[in-house]
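S.K.: What follows is the file my_file-v5.cif, containing mmCIF, N, CA and C atoms:
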data_start
loop_
_atom_site.label_atom_id
_atom_site.label_comp_id
_atom_site.auth_asym_id
_atom_site.auth_seq_id
_atom_site.Cartn_x
_atom_site.Cartn_y
_atom_site.Cartn_z
N MET A 243 0.85 -1.18 0.00
CA MET A 243 0.00 0.00 0.00
C MET A 243 0.89 1.24 0.00
N ASN A 244 0.57 2.20 -0.83
CA ASN A 244 1.30 3.46 -0.90
C ASN A 244 0.47 4.55 -0.25
N LYS A 245 0.66 4.75 1.05
CA LYS A 245 -0.10 5.77 1.76
C LYS A 245 0.47 7.15 1.46
N THR A 246 -0.45 8.07 1.19
CA THR A 246 -0.09 9.43 0.85
C THR A 246 -0.93 10.37 1.70
N ILE A 247 -0.31 11.44 2.19
CA ILE A 247 -1.00 12.45 2.97
C ILE A 247 -1.30 13.63 2.05
N ILE A 248 -2.57 14.03 2.00
CA ILE A 248 -3.00 15.15 1.17
C ILE A 248 -3.63 16.18 2.10
N THR A 249 -3.13 17.42 2.05
CA THR A 249 -3.71 18.49 2.84
C THR A 249 -4.21 19.59 1.92
N VAL A 250 -5.34 20.17 2.29
CA VAL A 250 -5.96 21.25 1.52
C VAL A 250 -6.30 22.37 2.49
N VAL A 251 -5.81 23.57 2.21
CA VAL A 251 -6.05 24.72 3.08
C VAL A 251 -6.39 25.93 2.22
N GLY A 252 -7.42 26.69 2.63
CA GLY A 252 -7.77 27.91 1.92
C GLY A 252 -9.06 28.50 2.44
N LYS A 253 -9.48 29.59 1.81
CA LYS A 253 -10.76 30.19 2.16
C LYS A 253 -11.86 29.22 1.76
N ASP A 254 -12.87 29.08 2.60
CA ASP A 254 -13.96 28.15 2.32
C ASP A 254 -14.73 28.60 1.08
N ALA A 255 -15.09 27.63 0.26
CA ALA A 255 -15.87 27.88 -0.96
C ALA A 255 -16.61 26.60 -1.32
N VAL A 256 -17.66 26.75 -2.08
CA VAL A 256 -18.44 25.60 -2.54
C VAL A 256 -17.59 24.76 -3.49
N GLY A 257 -17.58 23.45 -3.30
CA GLY A 257 -16.98 22.53 -4.25
C GLY A 257 -15.55 22.09 -4.02
N ILE A 258 -14.93 22.55 -2.93
CA ILE A 258 -13.53 22.16 -2.69
C ILE A 258 -13.41 20.65 -2.55
N ILE A 259 -14.20 20.06 -1.68
CA ILE A 259 -14.13 18.61 -1.46
C ILE A 259 -14.47 17.87 -2.75
N ALA A 260 -15.49 18.35 -3.45
CA ALA A 260 -15.92 17.69 -4.70
C ALA A 260 -14.80 17.69 -5.73
N LYS A 261 -14.11 18.80 -5.90
CA LYS A 261 -13.03 18.88 -6.90
C LYS A 261 -11.91 17.90 -6.57
N VAL A 262 -11.49 17.91 -5.32
CA VAL A 262 -10.37 17.06 -4.91
C VAL A 262 -10.77 15.58 -5.00
N CYS A 263 -11.93 15.24 -4.47
CA CYS A 263 -12.37 13.84 -4.47
C CYS A 263 -12.66 13.33 -5.88
N THR A 264 -13.18 14.17 -6.74
CA THR A 264 -13.42 13.77 -8.13
C THR A 264 -12.10 13.45 -8.82
N TYR A 265 -11.09 14.30 -8.62
CA TYR A 265 -9.77 14.02 -9.19
C TYR A 265 -9.24 12.68 -8.68
N LEU A 266 -9.31 12.47 -7.37
CA LEU A 266 -8.78 11.22 -6.81
C LEU A 266 -9.53 10.01 -7.36
N SER A 267 -10.84 10.09 -7.43
CA SER A 267 -11.64 8.99 -7.96
C SER A 267 -11.31 8.71 -9.42
N ASN A 268 -11.19 9.75 -10.22
CA ASN A 268 -10.86 9.58 -11.64
C ASN A 268 -9.49 8.96 -11.86
N ASN A 269 -8.63 9.04 -10.85
CA ASN A 269 -7.28 8.51 -10.97
C ASN A 269 -7.04 7.30 -10.07
N GLN A 270 -8.12 6.64 -9.66
CA GLN A 270 -8.07 5.41 -8.87
C GLN A 270 -7.24 5.54 -7.60
N VAL A 271 -7.37 6.70 -6.95
CA VAL A 271 -6.73 6.91 -5.65
C VAL A 271 -7.82 6.71 -4.59
N ASN A 272 -7.58 5.77 -3.69
CA ASN A 272 -8.56 5.41 -2.66
C ASN A 272 -8.35 6.26 -1.41
N ILE A 273 -9.42 6.91 -0.94
CA ILE A 273 -9.35 7.68 0.30
C ILE A 273 -9.55 6.72 1.47
N LEU A 274 -8.55 6.64 2.33
CA LEU A 274 -8.60 5.75 3.49
C LEU A 274 -9.19 6.45 4.71
N ASP A 275 -8.89 7.74 4.85
CA ASP A 275 -9.39 8.51 5.98
C ASP A 275 -9.44 9.97 5.56
N ILE A 276 -10.39 10.70 6.11
CA ILE A 276 -10.55 12.11 5.74
C ILE A 276 -11.07 12.87 6.95
N SER A 277 -10.53 14.06 7.14
CA SER A 277 -10.98 14.95 8.19
C SER A 277 -11.00 16.36 7.62
N GLN A 278 -12.08 17.08 7.85
CA GLN A 278 -12.13 18.46 7.37
C GLN A 278 -12.84 19.32 8.39
N THR A 279 -12.43 20.56 8.42
CA THR A 279 -13.04 21.52 9.33
C THR A 279 -13.02 22.90 8.69
N ILE A 280 -13.93 23.72 9.14
CA ILE A 280 -13.96 25.11 8.71
C ILE A 280 -13.91 25.95 9.98
N VAL A 281 -12.92 26.83 10.06
CA VAL A 281 -12.76 27.70 11.21
C VAL A 281 -12.72 29.14 10.72
N ASP A 282 -13.71 29.91 11.14
CA ASP A 282 -13.78 31.33 10.81
C ASP A 282 -13.60 31.59 9.31
N GLY A 283 -14.24 30.72 8.50
CA GLY A 283 -14.21 30.89 7.05
C GLY A 283 -13.02 30.27 6.34
N PHE A 284 -12.13 29.62 7.09
CA PHE A 284 -10.98 28.96 6.48
C PHE A 284 -11.20 27.45 6.48
N PHE A 285 -11.01 26.86 5.32
CA PHE A 285 -11.21 25.43 5.08
C PHE A 285 -9.90 24.71 5.32
N ASN A 286 -9.96 23.57 6.01
CA ASN A 286 -8.79 22.75 6.26
C ASN A 286 -9.19 21.28 6.14
N MET A 287 -8.50 20.55 5.27
CA MET A 287 -8.81 19.13 5.10
C MET A 287 -7.51 18.33 5.06
N MET A 288 -7.55 17.18 5.69
CA MET A 288 -6.43 16.25 5.64
C MET A 288 -6.97 14.89 5.24
N MET A 289 -6.29 14.26 4.30
CA MET A 289 -6.70 12.94 3.83
C MET A 289 -5.51 12.00 3.90
N ILE A 290 -5.81 10.76 4.16
CA ILE A 290 -4.84 9.69 3.97
C ILE A 290 -5.39 8.87 2.81
N ALA A 291 -4.58 8.71 1.78
CA ALA A 291 -5.04 8.05 0.56
C ALA A 291 -4.06 6.96 0.16
N ASP A 292 -4.57 6.00 -0.59
CA ASP A 292 -3.75 4.91 -1.12
C ASP A 292 -3.65 5.10 -2.63
N THR A 293 -2.44 5.32 -3.12
CA THR A 293 -2.22 5.57 -4.55
C THR A 293 -1.82 4.31 -5.32
N THR A 294 -1.88 3.16 -4.67
CA THR A 294 -1.46 1.91 -5.31
C THR A 294 -2.19 1.63 -6.62
N GLY A 295 -3.48 1.92 -6.68
CA GLY A 295 -4.28 1.62 -7.86
C GLY A 295 -4.13 2.61 -9.00
N SER A 296 -3.44 3.71 -8.77
CA SER A 296 -3.32 4.74 -9.80
C SER A 296 -2.18 4.43 -10.77
N SER A 297 -2.42 4.75 -12.03
CA SER A 297 -1.37 4.59 -13.04
C SER A 297 -0.42 5.78 -13.05
N LYS A 298 -0.75 6.83 -12.30
CA LYS A 298 0.08 8.03 -12.26
C LYS A 298 1.11 7.92 -11.14
N THR A 299 2.23 8.60 -11.35
CA THR A 299 3.25 8.65 -10.30
C THR A 299 2.81 9.63 -9.22
N LEU A 300 3.43 9.53 -8.07
CA LEU A 300 3.12 10.45 -6.98
C LEU A 300 3.44 11.89 -7.42
N GLN A 301 4.50 12.07 -8.19
CA GLN A 301 4.85 13.40 -8.67
C GLN A 301 3.77 13.97 -9.59
N ASP A 302 3.20 13.12 -10.45
CA ASP A 302 2.11 13.56 -11.33
C ASP A 302 0.90 13.97 -10.51
N ILE A 303 0.54 13.14 -9.54
CA ILE A 303 -0.60 13.43 -8.68
C ILE A 303 -0.36 14.74 -7.93
N ARG A 304 0.83 14.91 -7.38
CA ARG A 304 1.18 16.13 -6.65
C ARG A 304 1.03 17.36 -7.55
N HIS A 305 1.60 17.29 -8.73
CA HIS A 305 1.56 18.43 -9.65
C HIS A 305 0.12 18.76 -10.06
N GLU A 306 -0.66 17.75 -10.40
CA GLU A 306 -2.03 17.98 -10.86
C GLU A 306 -2.93 18.50 -9.74
N LEU A 307 -2.73 18.00 -8.51
CA LEU A 307 -3.52 18.51 -7.39
C LEU A 307 -3.11 19.95 -7.04
N GLU A 308 -1.83 20.27 -7.17
CA GLU A 308 -1.39 21.65 -6.96
C GLU A 308 -2.06 22.59 -7.97
N GLN A 309 -2.20 22.13 -9.21
CA GLN A 309 -2.88 22.93 -10.23
C GLN A 309 -4.36 23.13 -9.87
N ILE A 310 -5.00 22.07 -9.40
CA ILE A 310 -6.40 22.18 -8.97
C ILE A 310 -6.50 23.17 -7.82
N GLY A 311 -5.57 23.10 -6.90
CA GLY A 311 -5.54 24.05 -5.78
C GLY A 311 -5.46 25.49 -6.26
N ASP A 312 -4.61 25.74 -7.25
CA ASP A 312 -4.50 27.09 -7.82
C ASP A 312 -5.84 27.54 -8.40
N GLU A 313 -6.52 26.63 -9.08
CA GLU A 313 -7.81 26.95 -9.71
C GLU A 313 -8.89 27.29 -8.68
N ILE A 314 -8.87 26.61 -7.53
CA ILE A 314 -9.93 26.80 -6.54
C ILE A 314 -9.51 27.69 -5.37
N GLY A 315 -8.31 28.24 -5.44
CA GLY A 315 -7.86 29.16 -4.41
C GLY A 315 -7.42 28.51 -3.11
N CYS A 316 -6.91 27.30 -3.20
CA CYS A 316 -6.42 26.58 -2.02
C CYS A 316 -4.98 26.14 -2.24
N VAL A 317 -4.32 25.83 -1.15
CA VAL A 317 -2.99 25.22 -1.22
C VAL A 317 -3.18 23.73 -0.96
N ILE A 318 -2.79 22.92 -1.94
CA ILE A 318 -2.90 21.46 -1.80
C ILE A 318 -1.49 20.90 -1.79
N ARG A 319 -1.19 20.14 -0.75
CA ARG A 319 0.11 19.49 -0.60
C ARG A 319 -0.09 17.98 -0.60
N VAL A 320 0.83 17.28 -1.26
CA VAL A 320 0.78 15.82 -1.34
C VAL A 320 2.15 15.30 -0.92
N GLN A 321 2.15 14.42 0.10
CA GLN A 321 3.40 13.86 0.60
C GLN A 321 3.24 12.37 0.84
N HIS A 322 4.27 11.62 0.51
CA HIS A 322 4.28 10.21 0.85
C HIS A 322 4.29 10.09 2.38
N GLU A 323 3.64 9.09 2.89
CA GLU A 323 3.52 8.90 4.34
C GLU A 323 4.88 8.95 5.04
N ASP A 324 5.90 8.33 4.47
CA ASP A 324 7.23 8.29 5.10
C ASP A 324 7.80 9.70 5.27
N ILE A 325 7.67 10.53 4.25
CA ILE A 325 8.17 11.90 4.30
C ILE A 325 7.40 12.68 5.36
N PHE A 326 6.07 12.55 5.34
CA PHE A 326 5.22 13.24 6.31
C PHE A 326 5.63 12.86 7.74
N ASN A 327 5.81 11.57 8.00
CA ASN A 327 6.18 11.11 9.33
C ASN A 327 7.53 11.67 9.77
N LYS A 328 8.50 11.69 8.86
CA LYS A 328 9.83 12.19 9.20
C LYS A 328 9.81 13.69 9.47
N MET A 329 9.00 14.43 8.72
CA MET A 329 8.91 15.88 8.92
C MET A 329 8.25 16.24 10.23
N HIS A 330 7.34 15.39 10.71
CA HIS A 330 6.57 15.73 11.90
C HIS A 330 7.00 14.93 13.13
N ARG A 331 8.15 14.30 13.05
CA ARG A 331 8.68 13.58 14.20
C ARG A 331 9.54 14.51 15.05
N ILE A 332 9.30 14.48 16.33
CA ILE A 332 10.07 15.35 17.23
C ILE A 332 10.83 14.49 18.21
#
Let me see the file written as C-alpha cells.

M.R.:
Amino acid sequence: MNKTIITVVGKDAVGIIAKVCTYLSNNQVNILDISQTIVDGFFNMMMIADTTGSSKTLQDIRHELEQIGDEIGCVIRVQHEDIFNKMHRI
C-alpha cells in the first residue's frame, strides 16, 4: 500500500471537497481517511489516501492537485507517508 497524505487549506468555498475527491476517484486513488473543518471561514482538510491503484506517479498526482488548488484558491500538498512522518517527528 502506498499511503499518501493530502492536505488542503484555503478560504472556504463551494466545491472544494468535490473537486479534490473527483480528481482522486478519476485517478483510482482510494481515500482511506478524511478529516475536514472550517474555522472562521478557512477550510482545512487532511486525507490519507492509497495511490497503489493509480497509473500516475506520486509526482504527477502532486503536480495535478497543486494545479487544482490554484484553480480553486487553495494550497494542496501531497506527501508520501514516510516523508510526512519524518517531517513531523520530534

S.K.: Quick check on the file I pasted: which residues fall under the PyMOL selection byres (((chain A and resi 258 and name CA) around 12) and name CA)? Write them as a ChimeraX atom specification.

M.R.: /A:249-257,259-265,278,280,284-287,307,310-318

S.K.: Can you tell me how far CA of Glu323 in chain A sits from CA of Thr299 in chain A, in Å to one decimal?

M.R.: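 Answer for the CA of Glu323 in chain A to CA of Thr299 in chain A separation: 14.6 Å.
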
S.K.: Mind checking which residues fall within 5 Å of Ile290 in chain A, counting all atoms listed in the file, ignoring those fewer than 4 positions away in the same chain, and posting them as a PDB file with N, CA and C atoms, keeping the file's coordinate frame?

M.R.:
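In the end it all went to part.pdb:
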ATOM      1  N   THR A 246      -0.450   8.070   1.190  1.00  0.00           N
ATOM      2  CA  THR A 246      -0.090   9.430   0.850  1.00  0.00           C
ATOM      3  C   THR A 246      -0.930  10.370   1.700  1.00  0.00           C
ATOM      4  N   ILE A 247      -0.310  11.440   2.190  1.00  0.00           N
ATOM      5  CA  ILE A 247      -1.000  12.450   2.970  1.00  0.00           C
ATOM      6  C   ILE A 247      -1.300  13.630   2.050  1.00  0.00           C
ATOM      7  N   ILE A 273      -9.420   6.910  -0.940  1.00  0.00           N
ATOM      8  CA  ILE A 273      -9.350   7.680   0.300  1.00  0.00           C
ATOM      9  C   ILE A 273      -9.550   6.720   1.470  1.00  0.00           C
ATOM     10  N   LEU A 274      -8.550   6.640   2.330  1.00  0.00           N
ATOM     11  CA  LEU A 274      -8.600   5.750   3.490  1.00  0.00           C
ATOM     12  C   LEU A 274      -9.190   6.450   4.710  1.00  0.00           C
ATOM     13  N   ASP A 275      -8.890   7.740   4.850  1.00  0.00           N
ATOM     14  CA  ASP A 275      -9.390   8.510   5.980  1.00  0.00           C
ATOM     15  C   ASP A 275      -9.440   9.970   5.560  1.00  0.00           C
ATOM     16  N   ILE A 276     -10.390  10.700   6.110  1.00  0.00           N
ATOM     17  CA  ILE A 276     -10.550  12.110   5.740  1.00  0.00           C
ATOM     18  C   ILE A 276     -11.070  12.870   6.950  1.00  0.00           C
TER      19      ILE A 276
END

S.K.: Can you list, as a PyMOL selection string, all residues belonging to range 245-275 of chain A that DSSP tags as helix (DSSP H, G or I)?

M.R.: chain A and resi 258-268

S.K.: May I have the selected residues written with N, CA and C atoms, as a short mmCIF file (atom, residue, chain, number, x, y, z; two decimals), in the coordinates of the input?

M.R.:
data_model
loop_
_atom_site.label_atom_id
_atom_site.label_comp_id
_atom_site.auth_asym_id
_atom_site.auth_seq_id
_atom_site.Cartn_x
_atom_site.Cartn_y
_atom_site.Cartn_z
N ILE A 258 -14.93 22.55 -2.93
CA ILE A 258 -13.53 22.16 -2.69
C ILE A 258 -13.41 20.65 -2.55
N ILE A 259 -14.20 20.06 -1.68
CA ILE A 259 -14.13 18.61 -1.46
C ILE A 259 -14.47 17.87 -2.75
N ALA A 260 -15.49 18.35 -3.45
CA ALA A 260 -15.92 17.69 -4.70
C ALA A 260 -14.80 17.69 -5.73
N LYS A 261 -14.11 18.80 -5.90
CA LYS A 261 -13.03 18.88 -6.90
C LYS A 261 -11.91 17.90 -6.57
N VAL A 262 -11.49 17.91 -5.32
CA VAL A 262 -10.37 17.06 -4.91
C VAL A 262 -10.77 15.58 -5.00
N CYS A 263 -11.93 15.24 -4.47
CA CYS A 263 -12.37 13.84 -4.47
C CYS A 263 -12.66 13.33 -5.88
N THR A 264 -13.18 14.17 -6.74
CA THR A 264 -13.42 13.77 -8.13
C THR A 264 -12.10 13.45 -8.82
N TYR A 265 -11.09 14.30 -8.62
CA TYR A 265 -9.77 14.02 -9.19
C TYR A 265 -9.24 12.68 -8.68
N LEU A 266 -9.31 12.47 -7.37
CA LEU A 266 -8.78 11.22 -6.81
C LEU A 266 -9.53 10.01 -7.36
N SER A 267 -10.84 10.09 -7.43
CA SER A 267 -11.64 8.99 -7.96
C SER A 267 -11.31 8.71 -9.42
N ASN A 268 -11.19 9.75 -10.22
CA ASN A 268 -10.86 9.58 -11.64
C ASN A 268 -9.49 8.96 -11.86
#

S.K.: Tell me which protein, DNA and RNA residues are within 6.5 Å of Thr294 in chain A, counting only N, CA and C atoms, leaving out same-chain ones fewer than 5 positions away, and put them as a PyMOL selection string.

M.R.: chain A and resi 243-245+270-272

S.K.: For the atom pair atom C of Arg319 in chain A and CA of Ile248 in chain A, what is the interatomic distance in Å to one decimal place?

M.R.: 4.4 Å
